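This is upload_32.txt (compact mmCIF, C-alpha atoms).
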# COMPACT_ATOMS: atom_id res chain seq x y z
CA MET A 28 6.54 12.95 41.72
CA ASN A 29 9.33 11.09 39.97
CA LYS A 30 9.78 10.17 36.34
CA ARG A 31 8.10 6.79 36.56
CA ASP A 32 5.02 8.10 38.37
CA TYR A 33 4.71 11.04 36.05
CA VAL A 34 4.94 9.05 32.85
CA SER A 35 2.58 6.35 34.07
CA ALA A 36 0.05 8.97 35.18
CA LEU A 37 0.34 10.56 31.74
CA ARG A 38 -0.17 7.20 30.04
CA ALA A 39 -3.24 6.55 32.13
CA GLN A 40 -4.71 9.90 31.17
CA LEU A 41 -4.03 9.34 27.47
CA LYS A 42 -5.72 5.93 27.34
CA ARG A 43 -8.17 7.14 24.71
CA LEU A 44 -5.45 7.74 22.14
CA PRO A 45 -4.05 4.99 19.89
CA SER A 46 -1.36 3.04 21.75
CA ASN A 47 1.33 4.02 19.21
CA ASP A 48 0.72 7.67 19.97
CA VAL A 49 0.76 7.07 23.70
CA GLU A 50 4.10 5.27 23.40
CA GLU A 51 5.55 8.10 21.36
CA ILE A 52 4.39 10.73 23.81
CA ALA A 53 5.56 8.73 26.83
CA LYS A 54 8.97 8.29 25.22
CA GLU A 55 9.28 11.99 24.60
CA PHE A 56 8.55 12.77 28.24
CA GLU A 57 10.98 10.08 29.40
CA THR A 58 13.65 11.68 27.26
CA HIS A 59 12.75 15.06 28.74
CA PHE A 60 13.38 13.65 32.22
CA ASP A 61 16.61 11.97 31.14
CA ILE A 62 18.03 15.15 29.67
CA GLY A 63 17.01 17.14 32.73
CA VAL A 64 18.67 14.62 35.03
CA SER A 65 21.84 14.71 32.92
CA GLU A 66 21.87 18.47 33.50
CA GLY A 67 21.81 17.89 37.24
CA LYS A 68 18.13 18.45 38.02
CA THR A 69 16.09 16.12 40.17
CA GLU A 70 13.15 14.24 38.70
CA GLU A 71 10.85 16.06 41.10
CA GLU A 72 12.01 19.47 39.89
CA ILE A 73 11.52 18.45 36.30
CA ALA A 74 8.05 17.10 37.00
CA ALA A 75 7.05 20.29 38.76
CA LYS A 76 8.13 22.37 35.78
CA LEU A 77 6.24 20.19 33.32
CA GLY A 78 2.88 20.89 34.89
CA SER A 79 0.60 18.11 36.12
CA PRO A 80 0.14 15.04 33.89
CA GLU A 81 -3.58 15.77 33.88
CA GLU A 82 -3.06 19.22 32.44
CA VAL A 83 -0.64 18.01 29.80
CA ALA A 84 -2.90 15.11 28.82
CA GLN A 85 -5.81 17.52 28.54
CA ILE A 86 -3.96 19.47 25.86
CA TYR A 87 -3.18 16.33 23.89
CA LEU A 88 -6.75 15.14 24.11
CA SER A 89 -8.27 18.46 23.13
CA ASP A 90 -6.02 18.50 20.04
CA GLU A 91 -7.42 15.14 19.04
CA ILE A 92 -11.03 16.29 18.87
CA PRO A 93 -11.78 16.66 15.18
CA ASN A 94 -12.82 20.13 14.05
CA PHE A 95 -11.71 21.54 17.35
CA ASP A 96 -9.94 24.31 15.50
CA VAL A 97 -13.09 26.23 14.68
CA ALA A 98 -11.17 29.26 13.52
CA SER A 99 -9.52 27.48 10.59
CA ALA A 100 -12.91 26.42 9.35
CA ALA A 101 -14.14 29.96 9.80
CA ASP A 102 -11.11 31.26 7.91
CA ALA A 103 -11.76 28.94 5.04
CA ALA A 104 -15.38 29.98 4.83
CA GLY A 105 -14.41 33.63 5.00
CA ALA A 106 -16.49 34.02 8.12
CA PRO A 107 -16.02 37.13 10.18
CA GLN A 108 -13.48 36.67 12.92
CA PHE A 109 -15.14 37.57 16.13
CA PRO A 110 -16.19 35.56 19.10
CA ILE A 111 -17.19 32.12 17.99
CA ILE A 112 -18.91 29.46 20.01
CA PRO A 113 -16.22 26.87 20.13
CA ILE A 114 -16.66 23.18 20.65
CA LYS A 115 -15.26 22.57 24.07
CA THR A 116 -13.76 19.27 25.02
CA GLY A 117 -15.64 19.55 28.25
CA MET A 118 -18.96 19.70 26.47
CA ILE A 119 -18.27 16.45 24.71
CA LEU A 120 -16.80 14.65 27.65
CA GLY A 121 -19.40 15.88 30.05
CA ARG A 122 -16.86 17.62 32.23
CA GLY A 123 -17.58 20.86 33.99
CA VAL A 124 -17.87 23.81 31.66
CA GLY A 125 -16.96 27.10 33.17
CA PRO A 126 -18.90 30.30 32.73
CA GLN A 127 -16.26 31.70 30.43
CA THR A 128 -16.60 29.02 27.82
CA ALA A 129 -19.86 30.23 26.38
CA ALA A 130 -17.93 32.21 23.80
CA GLY A 131 -14.45 31.87 22.45
CA PHE A 132 -11.97 34.67 22.30
CA CYS A 133 -10.51 35.27 18.90
CA ASP A 134 -6.83 35.80 19.28
CA PRO A 135 -5.88 38.64 16.96
CA VAL A 136 -2.33 37.42 16.56
CA VAL A 137 -2.88 34.02 15.15
CA ALA A 138 -6.54 34.49 14.28
CA LYS A 139 -7.60 31.43 16.21
CA PRO A 140 -10.06 31.41 19.01
CA VAL A 141 -8.38 30.87 22.27
CA VAL A 142 -10.79 28.78 24.20
CA ASN A 143 -11.15 29.52 27.81
CA LYS A 144 -10.41 26.38 29.67
CA ALA A 145 -13.11 25.18 31.95
CA PRO A 146 -11.96 25.48 35.52
CA LYS A 147 -10.55 22.07 36.07
CA LYS A 148 -11.12 20.20 39.22
CA GLU A 149 -7.81 20.01 40.97
CA PRO A 150 -6.80 16.40 41.48
CA GLU A 151 -6.56 15.97 45.21
CA ASN A 152 -3.18 14.36 45.04
CA TYR A 153 -1.45 17.34 43.48
CA LYS A 154 -2.49 20.14 45.66
CA PHE A 155 -0.09 22.73 44.37
CA ALA A 156 0.31 21.68 40.78
CA HIS A 157 -1.58 24.69 39.44
CA THR A 158 0.68 27.14 41.20
CA GLY A 159 3.75 25.56 39.65
CA ALA A 160 5.08 25.26 43.18
CA LYS A 161 8.62 24.09 43.05
CA ALA A 162 9.01 22.72 46.52
CA LYS A 163 8.85 19.02 45.98
CA GLU A 164 7.38 18.27 49.34
CA GLU A 165 4.44 20.44 48.39
CA TYR A 166 4.12 18.84 45.03
CA ALA A 167 4.64 15.27 46.06
CA PRO A 168 1.52 13.11 45.96
CA VAL A 169 -0.26 12.93 49.24
CA GLU A 170 -0.25 9.31 50.25
CA PRO A 171 -3.68 8.13 51.29
CA GLN A 172 -3.74 7.57 55.01
CA GLY A 173 -4.91 4.41 56.68
CA LYS A 174 -6.16 1.50 54.70
CA LYS A 175 -5.07 0.86 51.17
CA GLN A 176 -7.43 2.03 48.50
CA VAL A 177 -9.05 -0.75 46.57
CA ASP A 178 -10.64 -0.36 43.17
CA LEU A 179 -14.25 -1.26 43.69
CA PRO A 180 -16.23 -2.60 40.77
CA ASP A 181 -18.54 -0.13 39.13
CA TYR A 182 -21.79 -1.12 40.71
CA SER A 183 -23.82 1.36 38.72
CA MET A 184 -24.05 -1.17 35.91
CA TYR A 185 -25.36 -3.85 38.21
CA PRO A 186 -27.81 -2.06 40.42
CA THR A 187 -29.38 -5.15 41.90
CA GLN A 188 -26.09 -6.59 43.11
CA ASP A 189 -25.18 -3.62 45.21
CA PRO A 190 -27.24 -3.99 48.36
CA SER A 191 -26.82 -0.31 49.22
CA ARG A 192 -28.47 0.79 45.99
CA MET A 193 -31.45 -1.53 46.22
CA GLN A 194 -34.81 -0.23 47.11
CA PRO A 195 -35.32 -2.66 49.97
CA SER A 196 -39.07 -3.07 49.85
CA GLU A 197 -39.80 -3.54 46.15
CA LYS A 198 -36.67 -5.43 45.11
CA LYS A 199 -37.08 -7.98 47.85
CA GLU A 200 -40.73 -8.59 47.11
CA HIS A 201 -40.20 -8.92 43.41
CA ASN A 202 -37.37 -11.41 43.69
CA LEU A 203 -38.99 -13.38 46.44
CA ALA A 204 -42.14 -13.72 44.35
CA PHE A 205 -40.08 -14.92 41.42
CA ALA A 206 -38.26 -17.43 43.60
CA ILE A 207 -41.51 -18.81 44.97
CA LEU A 208 -43.19 -19.07 41.58
CA PHE A 209 -40.18 -20.71 40.01
CA THR A 210 -39.99 -23.17 42.88
CA ILE A 211 -43.66 -24.13 42.61
CA PHE A 212 -43.99 -24.41 38.86
CA VAL A 213 -40.58 -25.58 37.73
CA PHE A 214 -38.54 -26.89 40.59
CA ILE A 215 -41.12 -28.99 42.43
CA PRO A 216 -42.32 -30.98 39.36
CA VAL A 217 -38.71 -31.71 38.37
CA TRP A 218 -37.93 -32.57 41.96
CA LEU A 219 -40.86 -35.03 42.21
CA ILE A 220 -39.87 -36.80 39.01
CA ALA A 221 -36.30 -37.09 40.27
CA LEU A 222 -37.53 -38.40 43.63
CA ALA A 223 -39.68 -41.04 41.93
CA LEU A 224 -36.75 -42.21 39.82
CA LEU A 225 -34.54 -42.33 42.88
CA LEU A 226 -37.00 -44.44 44.85
CA LEU A 227 -37.44 -46.77 41.88
CA LEU A 228 -33.70 -47.14 41.62
CA ILE A 229 -33.35 -48.05 45.29
CA ALA A 230 -36.43 -50.33 45.30
CA THR A 231 -35.65 -52.23 42.10
CA PRO A 232 -33.57 -55.11 43.62
CA ILE A 233 -36.06 -55.66 46.44
CA LEU A 234 -39.05 -55.61 44.14
CA THR A 235 -37.33 -57.91 41.67
CA GLY A 236 -36.55 -60.41 44.44
CA VAL A 237 -40.10 -60.42 45.78
CA ILE A 238 -41.69 -60.80 42.34
CA ALA A 239 -39.28 -63.56 41.31
CA GLY A 240 -39.89 -65.47 44.57
CA VAL A 241 -43.68 -65.26 44.17
CA LEU A 242 -43.54 -66.34 40.51
CA PHE A 243 -41.36 -69.36 41.31
CA CYS A 244 -43.65 -70.47 44.14
CA TRP A 245 -46.59 -70.47 41.79
CA SER A 246 -45.16 -71.98 38.69
CA ALA A 247 -42.84 -74.80 39.75
CA SER A 248 -42.44 -77.66 42.19
CA LEU A 249 -41.14 -76.96 45.66
CA THR A 250 -37.61 -78.14 44.91
CA THR A 251 -37.11 -75.99 41.87
CA ALA A 252 -38.79 -73.09 43.64
CA VAL A 253 -36.40 -73.28 46.60
CA ALA A 254 -33.34 -73.80 44.40
CA GLY A 255 -34.38 -71.00 42.05
CA THR A 256 -35.06 -68.65 44.90
CA ILE A 257 -31.67 -69.35 46.51
CA CYS A 258 -29.84 -68.71 43.23
CA LEU A 259 -31.82 -65.61 42.62
CA GLY A 260 -31.23 -64.50 46.17
CA ILE A 261 -27.45 -64.83 45.82
CA SER A 262 -27.41 -62.84 42.60
CA LEU A 263 -29.69 -60.28 44.18
CA ILE A 264 -27.32 -59.86 47.14
CA PHE A 265 -24.49 -58.98 44.76
CA ALA A 266 -26.81 -56.76 42.75
CA ALA A 267 -27.96 -55.07 45.95
CA ILE A 268 -24.39 -54.33 47.04
CA ALA A 269 -23.67 -52.72 43.68
CA GLU A 270 -27.03 -51.02 43.82
CA LEU A 271 -26.22 -49.63 47.26
CA PHE A 272 -23.27 -47.67 45.92
CA VAL A 273 -25.30 -46.29 43.05
CA ALA A 274 -28.17 -45.41 45.35
CA TYR A 275 -25.83 -43.76 47.84
CA PHE A 276 -24.37 -41.39 45.28
CA ALA A 277 -27.71 -40.75 43.60
CA ALA A 278 -29.32 -39.89 46.92
CA LYS A 279 -26.44 -37.73 47.95
CA GLY A 280 -26.56 -35.83 44.66
CA PHE A 281 -30.29 -35.45 44.98
CA ILE A 282 -30.13 -34.01 48.48
CA LEU A 283 -27.19 -31.72 47.77
CA GLY A 284 -28.85 -30.53 44.57
CA THR A 285 -31.99 -29.65 46.46
CA ILE A 286 -30.07 -27.75 49.12
CA ALA A 287 -28.02 -25.92 46.50
CA TYR A 288 -31.13 -24.93 44.65
CA PHE A 289 -32.77 -23.35 47.66
CA ARG A 290 -29.60 -21.59 48.66
CA TYR A 291 -29.13 -20.17 45.19
CA ILE A 292 -32.65 -19.06 44.49
CA PHE A 293 -33.10 -17.28 47.78
CA LYS A 294 -29.63 -16.00 48.46
CA ILE A 295 -28.96 -14.45 45.07
CA ASN A 296 -32.32 -12.95 44.47
CA GLY A 297 -33.22 -11.35 47.69
CA ASN A 298 -31.76 -9.88 50.80
CA SER A 299 -34.41 -11.23 53.07
CA ALA A 300 -33.65 -14.87 52.37
CA LYS A 301 -29.97 -14.15 52.81
CA GLY A 302 -30.57 -13.34 56.42
CA GLY A 303 -32.26 -16.64 57.01
CA ASN A 304 -29.62 -18.62 55.22
CA ALA A 305 -26.33 -17.09 56.15
CA MET B 115 1.10 37.56 31.33
CA ASN B 116 -2.36 36.40 30.30
CA VAL B 117 -2.58 32.68 29.63
CA GLN B 118 -4.59 33.08 26.42
CA PHE B 119 -2.08 35.53 25.17
CA LYS B 120 0.81 33.18 25.76
CA LYS B 121 -0.89 30.29 24.05
CA GLY B 122 -1.62 32.46 21.05
CA VAL B 123 2.00 33.37 20.54
CA LEU B 124 3.40 29.95 21.39
CA ASP B 125 3.12 28.65 17.82
CA LEU B 126 4.89 31.73 16.62
CA CYS B 127 7.69 31.37 19.17
CA VAL B 128 8.28 27.70 18.44
CA LEU B 129 8.31 28.21 14.68
CA ALA B 130 10.62 31.22 15.01
CA MET B 131 13.05 29.28 17.21
CA LEU B 132 13.09 26.39 14.77
CA ASN B 133 13.74 28.80 11.91
CA ASP B 134 17.09 29.69 13.51
CA SER B 135 18.19 26.10 13.95
CA ASP B 136 16.89 22.62 14.59
CA ARG B 137 16.19 22.04 18.25
CA TYR B 138 15.12 19.24 20.53
CA GLY B 139 12.02 19.28 22.68
CA TYR B 140 13.77 19.84 25.99
CA GLU B 141 15.62 22.85 24.62
CA LEU B 142 12.46 24.43 23.25
CA ALA B 143 10.57 23.70 26.44
CA SER B 144 13.16 25.12 28.80
CA THR B 145 13.78 28.25 26.73
CA LEU B 146 10.09 29.00 26.34
CA SER B 147 9.24 28.27 29.95
CA GLU B 148 11.91 30.71 31.05
CA THR B 149 10.98 33.51 28.69
CA ILE B 150 7.20 33.41 28.63
CA MET B 151 6.49 31.44 31.80
CA ILE B 152 4.61 28.50 30.43
CA SER B 153 4.97 25.02 31.90
CA ASP B 154 7.38 22.75 30.04
CA GLY B 155 4.69 20.19 29.38
CA THR B 156 2.75 22.54 27.10
CA VAL B 157 5.43 22.50 24.43
CA TYR B 158 5.21 18.78 23.60
CA PRO B 159 1.53 18.70 22.67
CA LEU B 160 2.14 21.80 20.58
CA LEU B 161 5.06 20.18 18.74
CA ARG B 162 2.92 17.16 18.09
CA LYS B 163 0.17 19.31 16.64
CA LEU B 164 2.60 21.26 14.47
CA ALA B 165 4.02 17.94 13.21
CA ALA B 166 0.51 16.68 12.44
CA ASP B 167 -0.14 19.86 10.48
CA GLY B 168 3.08 19.31 8.54
CA LEU B 169 4.73 22.49 9.80
CA VAL B 170 7.60 20.75 11.55
CA ALA B 171 9.44 17.46 11.01
CA SER B 172 11.39 15.44 13.54
CA TYR B 173 14.41 13.14 13.56
CA LEU B 174 16.40 11.34 16.22
CA GLN B 175 20.02 12.20 16.86
CA GLU B 176 22.53 10.75 19.30
CA SER B 177 24.03 13.10 21.80
CA GLN B 178 27.39 12.96 23.59
CA SER B 179 25.74 13.34 26.95
CA GLY B 180 22.52 11.59 27.73
CA PRO B 181 19.96 9.77 25.58
CA PRO B 182 19.33 10.27 21.85
CA ARG B 183 17.31 13.41 21.27
CA LYS B 184 14.37 14.06 19.04
CA TYR B 185 15.16 17.11 16.97
CA TYR B 186 12.53 19.23 15.30
CA SER B 187 13.05 21.18 12.11
CA LEU B 188 10.92 23.61 10.17
CA THR B 189 9.35 22.35 6.91
CA ALA B 190 8.67 24.50 3.86
CA MET B 191 5.05 24.73 4.95
CA GLY B 192 6.24 25.73 8.38
CA LYS B 193 8.27 28.57 6.90
CA VAL B 194 5.23 29.89 5.06
CA ARG B 195 3.15 29.68 8.21
CA LEU B 196 5.84 31.42 10.22
CA GLN B 197 5.87 34.28 7.73
CA GLU B 198 2.10 34.64 8.02
CA LEU B 199 2.22 34.61 11.78
CA LEU B 200 5.07 37.11 11.82
CA ASP B 201 3.15 39.47 9.53
CA ASP B 202 0.11 39.18 11.78
CA TRP B 203 2.19 39.69 14.86
CA ASN B 204 4.01 42.73 13.51
CA SER B 205 0.91 44.45 12.24
CA PHE B 206 -0.92 43.64 15.45
CA THR B 207 1.82 44.89 17.76
CA ALA B 208 2.24 47.98 15.56
CA SER B 209 -1.44 48.84 15.87
CA VAL B 210 -1.52 48.13 19.58
CA ASN B 211 1.59 50.24 20.04
CA LYS B 212 -0.10 53.12 18.27
CA ILE B 213 -2.62 53.09 21.06
CA VAL B 214 -0.62 52.13 24.10
CA GLY B 215 2.91 52.95 22.93
CA GLY B 216 5.02 54.98 25.31
CA LYS B 217 2.30 55.20 27.91
CA SER B 218 2.59 53.92 31.39
CA ALA B 219 -0.13 53.70 33.93

How does the structure come out when it is put into structure tokens?
Amino acid sequence: MNKRDYVSALRAQLKRLPSNDVEEIAKEFETHFDIGVSEGKTEEEIAAKLGSPEEVAQIYLSDEIPNFDVASAADAAGAPQFPIIPIKTGMILGRGVGPQTAAGFCDPVVAKPVVNKAPKKEPENYKFAHTGAKAKEEYAPVEPQGKKQVDLPDYSMYPTQDPSRMQPSEKKEHNLAFAILFTIFVFIPVWLIALALLLLLIATPILTGVIAGVLFCWSASLTTAVAGTICLGISLIFAAIAELFVAYFAAKGFILGTIAYFRYIFKINGNSAKGGNA
Amino acid sequence: MNVQFKKGVLDLCVLAMLNDSDRYGYELASTLSETIMISDGTVYPLLRKLAADGLVASYLQESQSGPPRKYYSLTAMGKVRLQELLDDWNSFTASVNKIVGGKSA
């Protein structure tokens, strides 16, 4: 592990701390590497001697837990100094708590409990970090074989979107029922109104022409009726051409909207419909 | 040596070293890791904690070789604490020596 990897791993582990503190700590470790390199050591040697970034970060983080230093409080209260139940970082963070952490061990020298660290899960990448192994090839991160690892979204927050976590029977039924009900009571009424408006839009020029023709035939002499109808007819032709464009786009939107609706309501909400659609 | 044991005396060692002269982190880390076999990385969190407690102070200083170094020095409070720890240490080792002194298994 080189300087850059080490420091960035450390940063990642310290995310919980204020960014100023993280910068300060990162800088100190960078300087540590720089001095070591200027003394002729390799970055890998220096990293191996530092201990794993996880271990180092753990110490920083455990120092940040308020009232972690139970012994000082006990000192102040004049409490007897014998095994104390310490607050373990692991208990708060929900990490594994080892069998030894049930009671602290009161260090006689500095009169502080020395908390037994919970046995930490060894990060897979740093197999030999805990041994302080110096051979860099042993310490170097094991590159994942085969395909590149991709950060998957945390599906636990969105249980219904992860098909593998869905209870197939009940989820499908529930969502299908919702889709059907919504379609019947909301979508179809809206759809019928839209359809009626669309038909009216397309039929308007034709209806207007017919009504106008009939009215003229009734109300006027033949000459005026014919002349009126021809004039009206010409204007209606132009109106119809314009109308055709409007009707085309309205109809297209209507049909596409309907298709999109059915796709959405059945694809998103249930697996079963997905099969039929895709 | 027992890990708990080392951690217990680490404060004492760092404060004692700083009492002799101001030192930078790398120096403290490499000396301590050689003598009591701790990993270098343990020293920095400790220094940070001692600074937060007001026992040590730090300042940056240029060096002829390499980058500027962060030096640590002992504060007045640190001196008091060192004295306490030394008293504890001496009385503790004296009593332990009374029991185990001169024996070998």

Near chain B, meaning an atom within 6 Å, which residues of chain A appear when counting all atoms listed in the file? Write them as a ChimeraX atom specification. /A:59,76-78,83,87,136

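Rounded to one decimal, CA of Lys68 in chain A and CA of Lys30 in chain A lie 11.9 Å from each other.
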
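One distance worth recording is that between CA of Phe212 in chain A and CA of Tyr275 in chain A, which is 28.0 Å.
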
At a cut-off of 8 Å, using only C-alpha atoms, what residues contact range 33-42 of chain A? Leave out same-chain residues fewer than 5 positions from it and give the result as a PyMOL selection string. chain A and resi 28+49+53+56-57+74+80-81+83-84+87-88

Find the smallest box with edges along x, y and z containing every listed atom of range 154-172 of chain B, then add 5 Å on each side and report centre and edge lengths in Å to one decimal, as JSON.
{"center_x": 5.6, "center_y": 19.1, "center_z": 19.3, "size_x": 21.5, "size_y": 17.3, "size_z": 31.5}

Hey, which of B:Met151, B:Val214, B:Leu142, B:Ala208 ends up closest to Tyr186 in chain B? Count all atoms listed in the file. B:Leu142

Find the spatial neighbours of Trp218 in chain A, counting all atoms listed in the file, within a cut-off of 10 Å - ignore same-chain residues fewer than 5 positions away - and output them as a list in words. Thr210, Val213, Ala223, Leu224, Phe281, Gly284 and Thr285 of chain A

Atom-to-atom span, CA of Asn202 in chain A and CA of Ile286 in chain A, Å: 18.7 Å

For Leu132 in chain B: contacts at 12 Å, only C-alpha atoms, fewer than 3 positions along chain excluded, given as a ChimeraX atom specification: /B:125-129,135-139,141-142,161,164,169-172,185-190,192-193,196

As a JSON list (two decimals), in the frame of the given file, please: range 142-151 of chain B completed to all heavy atoms.
[["chain", "number", "residue", "atom", "x", "y", "z"],
["B", 142, "LEU", "N", 13.58, 23.53, 23.51],
["B", 142, "LEU", "CA", 12.46, 24.43, 23.25],
["B", 142, "LEU", "C", 11.67, 24.69, 24.53],
["B", 142, "LEU", "O", 11.35, 25.83, 24.87],
["B", 142, "LEU", "CB", 11.53, 23.81, 22.21],
["B", 142, "LEU", "CG", 12.03, 23.78, 20.77],
["B", 142, "LEU", "CD1", 11.16, 22.84, 19.95],
["B", 142, "LEU", "CD2", 12.03, 25.17, 20.17],
["B", 143, "ALA", "N", 11.40, 23.59, 25.25],
["B", 143, "ALA", "CA", 10.57, 23.70, 26.44],
["B", 143, "ALA", "C", 11.24, 24.58, 27.48],
["B", 143, "ALA", "O", 10.61, 25.49, 28.05],
["B", 143, "ALA", "CB", 10.29, 22.31, 27.02],
["B", 144, "SER", "N", 12.54, 24.35, 27.72],
["B", 144, "SER", "CA", 13.16, 25.12, 28.80],
["B", 144, "SER", "C", 13.34, 26.59, 28.42],
["B", 144, "SER", "O", 13.14, 27.47, 29.25],
["B", 144, "SER", "CB", 14.48, 24.48, 29.24],
["B", 144, "SER", "OG", 15.28, 24.19, 28.13],
["B", 145, "THR", "N", 13.65, 26.85, 27.14],
["B", 145, "THR", "CA", 13.78, 28.25, 26.73],
["B", 145, "THR", "C", 12.44, 28.97, 26.87],
["B", 145, "THR", "O", 12.37, 30.08, 27.43],
["B", 145, "THR", "CB", 14.22, 28.34, 25.25],
["B", 145, "THR", "OG1", 15.36, 27.51, 25.07],
["B", 145, "THR", "CG2", 14.56, 29.77, 24.88],
["B", 146, "LEU", "N", 11.39, 28.33, 26.33],
["B", 146, "LEU", "CA", 10.09, 29.00, 26.34],
["B", 146, "LEU", "C", 9.56, 29.17, 27.76],
["B", 146, "LEU", "O", 8.95, 30.19, 28.09],
["B", 146, "LEU", "CB", 9.09, 28.21, 25.50],
["B", 146, "LEU", "CG", 9.30, 28.34, 23.99],
["B", 146, "LEU", "CD1", 8.45, 27.34, 23.25],
["B", 146, "LEU", "CD2", 8.98, 29.76, 23.55],
["B", 147, "SER", "N", 9.79, 28.15, 28.60],
["B", 147, "SER", "CA", 9.24, 28.27, 29.95],
["B", 147, "SER", "C", 9.95, 29.37, 30.72],
["B", 147, "SER", "O", 9.36, 30.00, 31.60],
["B", 147, "SER", "CB", 9.33, 26.94, 30.68],
["B", 147, "SER", "OG", 10.66, 26.59, 30.91],
["B", 148, "GLU", "N", 11.22, 29.62, 30.37],
["B", 148, "GLU", "CA", 11.91, 30.71, 31.05],
["B", 148, "GLU", "C", 11.45, 32.08, 30.55],
["B", 148, "GLU", "O", 11.27, 32.99, 31.33],
["B", 148, "GLU", "CB", 13.43, 30.59, 30.84],
["B", 148, "GLU", "CG", 14.09, 29.69, 31.87],
["B", 148, "GLU", "CD", 15.46, 29.23, 31.41],
["B", 148, "GLU", "OE1", 16.13, 30.01, 30.70],
["B", 148, "GLU", "OE2", 15.84, 28.10, 31.76],
["B", 149, "THR", "N", 11.28, 32.18, 29.22],
["B", 149, "THR", "CA", 10.98, 33.51, 28.69],
["B", 149, "THR", "C", 9.51, 33.91, 28.82],
["B", 149, "THR", "O", 9.23, 35.05, 29.17],
["B", 149, "THR", "CB", 11.40, 33.62, 27.21],
["B", 149, "THR", "OG1", 10.94, 32.46, 26.53],
["B", 149, "THR", "CG2", 12.90, 33.71, 27.09],
["B", 150, "ILE", "N", 8.59, 32.98, 28.51],
["B", 150, "ILE", "CA", 7.20, 33.41, 28.63],
["B", 150, "ILE", "C", 6.42, 32.67, 29.70],
["B", 150, "ILE", "O", 5.19, 32.72, 29.73],
["B", 150, "ILE", "CB", 6.45, 33.38, 27.28],
["B", 150, "ILE", "CG1", 6.45, 31.97, 26.68],
["B", 150, "ILE", "CG2", 7.01, 34.39, 26.30],
["B", 150, "ILE", "CD1", 5.56, 31.85, 25.45],
["B", 151, "MET", "N", 7.13, 32.01, 30.60],
["B", 151, "MET", "CA", 6.49, 31.44, 31.80],
["B", 151, "MET", "C", 5.34, 30.48, 31.50],
["B", 151, "MET", "O", 4.28, 30.58, 32.08],
["B", 151, "MET", "CB", 5.95, 32.57, 32.70],
["B", 151, "MET", "CG", 6.97, 33.62, 33.06],
["B", 151, "MET", "SD", 7.97, 33.10, 34.44],
["B", 151, "MET", "CE", 6.81, 33.33, 35.77]]
